[in-house]
>>> print(open('coords21.cif').read())   # mmCIF, C-alpha atoms
data_final
loop_
_atom_site.label_atom_id
_atom_site.label_comp_id
_atom_site.auth_asym_id
_atom_site.auth_seq_id
_atom_site.Cartn_x
_atom_site.Cartn_y
_atom_site.Cartn_z
CA GLN A 1 -54.92 -13.20 -75.06
CA THR A 2 -56.70 -14.80 -77.99
CA ARG A 3 -60.00 -15.17 -76.12
CA PHE A 4 -59.99 -18.91 -76.76
CA TYR A 5 -60.83 -21.43 -74.05
CA PRO A 6 -58.54 -24.45 -74.56
CA GLY A 7 -60.09 -26.68 -71.88
CA ALA A 8 -62.16 -29.79 -72.58
CA GLN A 9 -64.55 -29.46 -69.63
CA ILE A 10 -67.01 -27.40 -71.70
CA ASN A 11 -67.66 -28.80 -75.17
CA ALA A 12 -70.27 -28.91 -77.96
CA GLY A 13 -72.07 -31.78 -76.21
CA ASN A 14 -72.60 -30.11 -72.83
CA VAL A 15 -72.51 -26.36 -73.49
CA LYS A 16 -76.34 -26.26 -73.67
CA LYS A 17 -76.47 -27.33 -70.01
CA LEU A 18 -74.70 -24.17 -68.80
CA LYS A 19 -76.91 -21.80 -66.82
CA SER A 20 -76.57 -18.53 -65.02
CA VAL A 21 -75.80 -18.88 -61.32
CA PHE A 22 -75.82 -15.19 -60.34
CA SER A 23 -75.71 -11.69 -61.75
CA PHE A 24 -73.78 -8.77 -60.35
CA GLN A 25 -74.70 -5.11 -60.77
CA THR A 26 -71.85 -2.61 -60.86
CA GLU A 27 -72.10 1.15 -60.45
CA VAL A 28 -70.22 1.69 -63.71
CA ARG A 29 -72.13 4.10 -65.97
CA GLU A 30 -69.91 3.60 -69.00
CA SER A 31 -69.64 0.37 -70.95
CA MET A 32 -67.88 -2.59 -69.38
CA GLU A 33 -65.12 -3.64 -71.78
CA THR A 34 -63.37 -6.19 -69.64
CA ALA A 35 -63.22 -9.94 -69.21
CA PRO A 36 -63.26 -10.99 -65.54
CA ILE A 37 -60.17 -12.71 -64.16
CA VAL A 38 -60.83 -15.58 -61.73
CA VAL A 39 -58.15 -16.61 -59.26
CA ASP A 40 -58.77 -19.04 -56.36
CA GLY A 41 -62.54 -18.62 -56.57
CA VAL A 42 -62.49 -14.81 -56.67
CA MET A 43 -63.54 -12.92 -59.77
CA TYR A 44 -61.85 -9.55 -60.38
CA THR A 45 -63.27 -7.04 -62.83
CA SER A 46 -62.90 -3.33 -63.50
CA GLY A 47 -64.79 -0.43 -64.97
CA ALA A 48 -64.21 3.19 -65.84
CA PRO A 49 -63.05 5.50 -64.54
CA GLY A 50 -61.30 3.69 -61.67
CA ASP A 51 -63.40 0.94 -60.13
CA VAL A 52 -62.22 -2.59 -59.32
CA TYR A 53 -64.50 -5.27 -57.89
CA ALA A 54 -63.69 -8.57 -56.15
CA ILE A 55 -66.62 -10.98 -56.29
CA ASP A 56 -66.99 -14.48 -54.89
CA ALA A 57 -67.23 -16.52 -58.12
CA ARG A 58 -69.46 -19.15 -56.50
CA SER A 59 -72.07 -16.92 -54.86
CA GLY A 60 -71.80 -13.55 -56.59
CA VAL A 61 -71.25 -11.75 -53.28
CA GLN A 62 -69.07 -8.65 -53.50
CA LEU A 63 -65.98 -9.12 -51.34
CA TRP A 64 -64.63 -5.60 -51.82
CA LYS A 65 -64.70 -2.62 -54.15
CA PHE A 66 -61.93 -0.12 -54.83
CA HIS A 67 -62.78 3.29 -56.28
CA ARG A 68 -60.38 5.98 -57.40
CA ASN A 69 -61.33 9.34 -58.90
CA GLN A 70 -59.20 10.75 -61.68
CA ASP A 71 -56.68 13.35 -60.49
CA LYS A 72 -56.96 15.18 -63.79
CA ARG A 73 -59.36 14.75 -66.68
CA ASN A 74 -58.26 15.74 -70.16
CA PRO A 75 -61.21 17.54 -71.79
CA TYR A 76 -60.34 15.77 -75.06
CA GLN A 77 -60.47 12.30 -73.48
CA ILE A 78 -62.54 10.28 -75.93
CA ASN A 79 -62.47 6.74 -74.57
CA PRO A 80 -63.48 6.35 -70.90
CA SER A 81 -62.99 2.58 -70.91
CA ASN A 82 -61.01 0.34 -68.60
CA ARG A 83 -60.26 -3.02 -70.15
CA GLY A 84 -59.36 -5.10 -67.17
CA VAL A 85 -57.00 -6.14 -64.44
CA ALA A 86 -54.03 -8.45 -64.02
CA VAL A 87 -53.43 -10.64 -60.98
CA LEU A 88 -50.03 -11.80 -59.74
CA ASP A 89 -48.72 -12.95 -56.35
CA GLY A 90 -51.72 -11.81 -54.30
CA ARG A 91 -51.96 -8.42 -56.01
CA VAL A 92 -54.46 -6.96 -58.46
CA PHE A 93 -53.13 -4.42 -60.96
CA PHE A 94 -55.08 -1.94 -63.07
CA ASN A 95 -54.57 1.26 -65.04
CA THR A 96 -56.41 4.56 -64.76
CA LEU A 97 -57.46 7.01 -67.45
CA ASP A 98 -55.09 9.61 -65.98
CA ASN A 99 -52.17 7.22 -66.45
CA ASN A 100 -51.59 5.60 -63.10
CA VAL A 101 -50.70 1.97 -62.50
CA ILE A 102 -52.19 0.82 -59.21
CA ALA A 103 -51.54 -2.32 -57.17
CA LEU A 104 -54.17 -3.59 -54.72
CA ASP A 105 -54.06 -6.35 -52.13
CA ALA A 106 -56.13 -9.14 -53.72
CA ARG A 107 -57.66 -10.19 -50.37
CA THR A 108 -58.69 -6.78 -49.03
CA GLY A 109 -58.67 -4.30 -51.93
CA ARG A 110 -56.28 -2.06 -50.00
CA GLN A 111 -54.06 0.05 -52.23
CA LEU A 112 -50.41 -1.03 -52.06
CA TRP A 113 -48.81 1.40 -54.50
CA GLU A 114 -49.55 3.81 -57.34
CA LYS A 115 -47.24 5.10 -60.08
CA ASN A 116 -47.96 7.82 -62.64
CA THR A 117 -46.64 7.05 -66.13
CA ALA A 118 -47.45 10.14 -68.24
CA ASP A 119 -49.29 13.47 -68.27
CA THR A 120 -52.88 13.05 -69.42
CA MET A 121 -52.99 16.72 -70.45
CA GLN A 122 -50.47 15.87 -73.21
CA GLY A 123 -52.94 13.36 -74.69
CA TYR A 124 -51.79 10.14 -73.04
CA THR A 125 -54.33 7.75 -71.54
CA MET A 126 -54.31 4.16 -70.31
CA THR A 127 -57.35 2.12 -71.31
CA GLY A 128 -55.76 -1.32 -71.78
CA ALA A 129 -55.36 -3.99 -69.14
CA PRO A 130 -51.90 -4.52 -67.65
CA LEU A 131 -50.06 -7.74 -68.35
CA ALA A 132 -48.47 -9.56 -65.39
CA LEU A 133 -45.72 -12.05 -66.19
CA ASN A 134 -42.17 -13.04 -65.26
CA ASN A 135 -42.28 -11.03 -62.02
CA MET A 136 -43.24 -7.78 -63.73
CA VAL A 137 -46.32 -5.78 -64.65
CA VAL A 138 -46.25 -4.38 -68.20
CA VAL A 139 -48.45 -1.42 -69.19
CA GLY A 140 -48.87 0.51 -72.40
CA MET A 141 -50.18 3.87 -73.47
CA SER A 142 -53.14 4.90 -75.60
CA GLY A 143 -53.40 8.26 -77.29
CA GLY A 144 -51.98 7.83 -80.77
CA GLU A 145 -55.02 9.66 -82.11
CA GLY A 146 -53.82 12.61 -80.02
CA GLY A 147 -50.36 12.56 -81.57
CA VAL A 148 -48.45 11.15 -78.59
CA ARG A 149 -45.57 8.69 -78.83
CA GLY A 150 -46.49 5.24 -77.61
CA PHE A 151 -44.47 3.32 -75.04
CA LEU A 152 -44.49 0.26 -72.82
CA GLU A 153 -43.26 0.23 -69.22
CA ALA A 154 -42.63 -2.60 -66.77
CA TYR A 155 -42.94 -2.36 -62.99
CA ASN A 156 -41.88 -4.52 -60.07
CA PRO A 157 -45.17 -6.00 -58.78
CA ALA A 158 -44.14 -5.82 -55.11
CA THR A 159 -42.71 -2.30 -54.96
CA GLY A 160 -43.91 -0.42 -58.04
CA GLU A 161 -40.33 0.35 -59.04
CA LYS A 162 -40.06 1.01 -62.79
CA LEU A 163 -37.93 -1.72 -64.37
CA TRP A 164 -37.76 -0.52 -67.98
CA ARG A 165 -39.39 1.60 -70.68
CA PHE A 166 -39.58 0.88 -74.41
CA ASP A 167 -40.70 3.56 -76.89
CA THR A 168 -42.91 1.95 -79.52
CA ILE A 169 -42.65 4.99 -81.80
CA ALA A 170 -39.11 6.07 -82.58
CA THR A 171 -37.93 9.61 -81.98
CA PRO A 172 -37.10 11.70 -85.05
CA GLY A 173 -33.80 10.59 -86.58
#
>>> encode(input="coords21.cif", output="structure tokens")
Amino acid sequence: QTRFYPGAQINAGNVKKLKSVFSFQTEVRESMETAPIVVDGVMYTSGAPGDVYAIDARSGVQLWKFHRNQDKRNPYQINPSNRGVAVLDGRVFFNTLDNNVIALDARTGRQLWEKNTADTMQGYTMTGAPLALNNMVVVGMSGGEGGVRGFLEAYNPATGEKLWRFDTIATPG
């Protein structure tokens, strides 16, 4: 997650030969603050408030789109961004602004499961991308500017079962 490309295929001698192959227009009205993830020739990207796109990375053709409206919108929500997806074992994972972790089938875009992590009306929001590793999906909360206690949670990627929770801000005492 350092945004550094370690490969040798693109270098100072050939970078000037790169050219655009396609462009893709989303329906996202807010800013796109996400780096696409490419797995097996499919590019996955997301946008606020709850859109995920699967695009053929060779042709630019949209394979599927998933859209989810927010269940609740906190009137004090200040950052409507979605910063990306994670991909693991044929599933695409993303977070919503009203604090849901959602798993989609990577081939079809069909929703597999959804878990709510916190009440958005208390000031919690999820703008960061999930992290998929070691057979778990880890998510974290935003909202420190609203006075909420931060935490991380991990979920089973196949079932959505919560595996653990770690409070990043200690309770009083």
>>> residues_around(input="coords21.cif", residues="stretch 28-39 of chain A", least_positions_apart="6", cutoff="7 Å", atoms="all atoms listed in the file", output="NGL selection string")
:A and (45-48 or 81-84)
>>> closest_residue(input="coords21.cif", among="A:Ile102, A:Thr108, A:Trp164, A:Tyr76", to="A:Gly143", atoms="all atoms listed in the file")
A:Tyr76
>>> residues_around(input="coords21.cif", residues="A:Pro157", least_positions_apart="2", cutoff="12 Å", atoms="all atoms listed in the file", output="mmCIF file with C-alpha atoms, keeping the file's coordinate frame")
data_model
loop_
_atom_site.group_PDB
_atom_site.id
_atom_site.type_symbol
_atom_site.label_atom_id
_atom_site.label_comp_id
_atom_site.auth_asym_id
_atom_site.auth_seq_id
_atom_site.Cartn_x
_atom_site.Cartn_y
_atom_site.Cartn_z
ATOM 1 C CA ALA A 86 -54.030 -8.450 -64.020
ATOM 2 C CA VAL A 87 -53.430 -10.640 -60.980
ATOM 3 C CA LEU A 88 -50.030 -11.800 -59.740
ATOM 4 C CA ASP A 89 -48.720 -12.950 -56.350
ATOM 5 C CA GLY A 90 -51.720 -11.810 -54.300
ATOM 6 C CA ARG A 91 -51.960 -8.420 -56.010
ATOM 7 C CA VAL A 92 -54.460 -6.960 -58.460
ATOM 8 C CA PHE A 93 -53.130 -4.420 -60.960
ATOM 9 C CA PHE A 94 -55.080 -1.940 -63.070
ATOM 10 C CA VAL A 101 -50.700 1.970 -62.500
ATOM 11 C CA ILE A 102 -52.190 0.820 -59.210
ATOM 12 C CA ALA A 103 -51.540 -2.320 -57.170
ATOM 13 C CA LEU A 104 -54.170 -3.590 -54.720
ATOM 14 C CA ASP A 105 -54.060 -6.350 -52.130
ATOM 15 C CA LEU A 112 -50.410 -1.030 -52.060
ATOM 16 C CA TRP A 113 -48.810 1.400 -54.500
ATOM 17 C CA GLU A 114 -49.550 3.810 -57.340
ATOM 18 C CA LYS A 115 -47.240 5.100 -60.080
ATOM 19 C CA PRO A 130 -51.900 -4.520 -67.650
ATOM 20 C CA LEU A 131 -50.060 -7.740 -68.350
ATOM 21 C CA ALA A 132 -48.470 -9.560 -65.390
ATOM 22 C CA LEU A 133 -45.720 -12.050 -66.190
ATOM 23 C CA ASN A 134 -42.170 -13.040 -65.260
ATOM 24 C CA ASN A 135 -42.280 -11.030 -62.020
ATOM 25 C CA MET A 136 -43.240 -7.780 -63.730
ATOM 26 C CA VAL A 137 -46.320 -5.780 -64.650
ATOM 27 C CA VAL A 138 -46.250 -4.380 -68.200
ATOM 28 C CA VAL A 139 -48.450 -1.420 -69.190
ATOM 29 C CA ALA A 154 -42.630 -2.600 -66.770
ATOM 30 C CA TYR A 155 -42.940 -2.360 -62.990
ATOM 31 C CA THR A 159 -42.710 -2.300 -54.960
ATOM 32 C CA GLY A 160 -43.910 -0.420 -58.040
ATOM 33 C CA GLU A 161 -40.330 0.350 -59.040
ATOM 34 C CA LYS A 162 -40.060 1.010 -62.790
ATOM 35 C CA LEU A 163 -37.930 -1.720 -64.370
#
>>> atom_distance(input="coords21.cif", atom1="atom CA of A:Arg58", atom2="atom CA of A:Thr26")
17.3 Å
>>> closest_residue(input="coords21.cif", among="A:Leu97, A:Leu152, A:Ala158, A:Ala54", to="A:Lys72", atoms="all atoms listed in the file")
A:Leu97
>>> atom_distance(input="coords21.cif", atom1="atom CA of A:Met121", atom2="atom CA of A:Gly144")
13.7 Å
>>> atom_distance(input="coords21.cif", atom1="atom CA of A:Asp56", atom2="atom CA of A:Leu18")
18.6 Å
>>> resolve_selection(input="coords21.cif", expression="the PyMOL selection byres ((chain A and resi 122) around 10)", output="count of residues only")
12
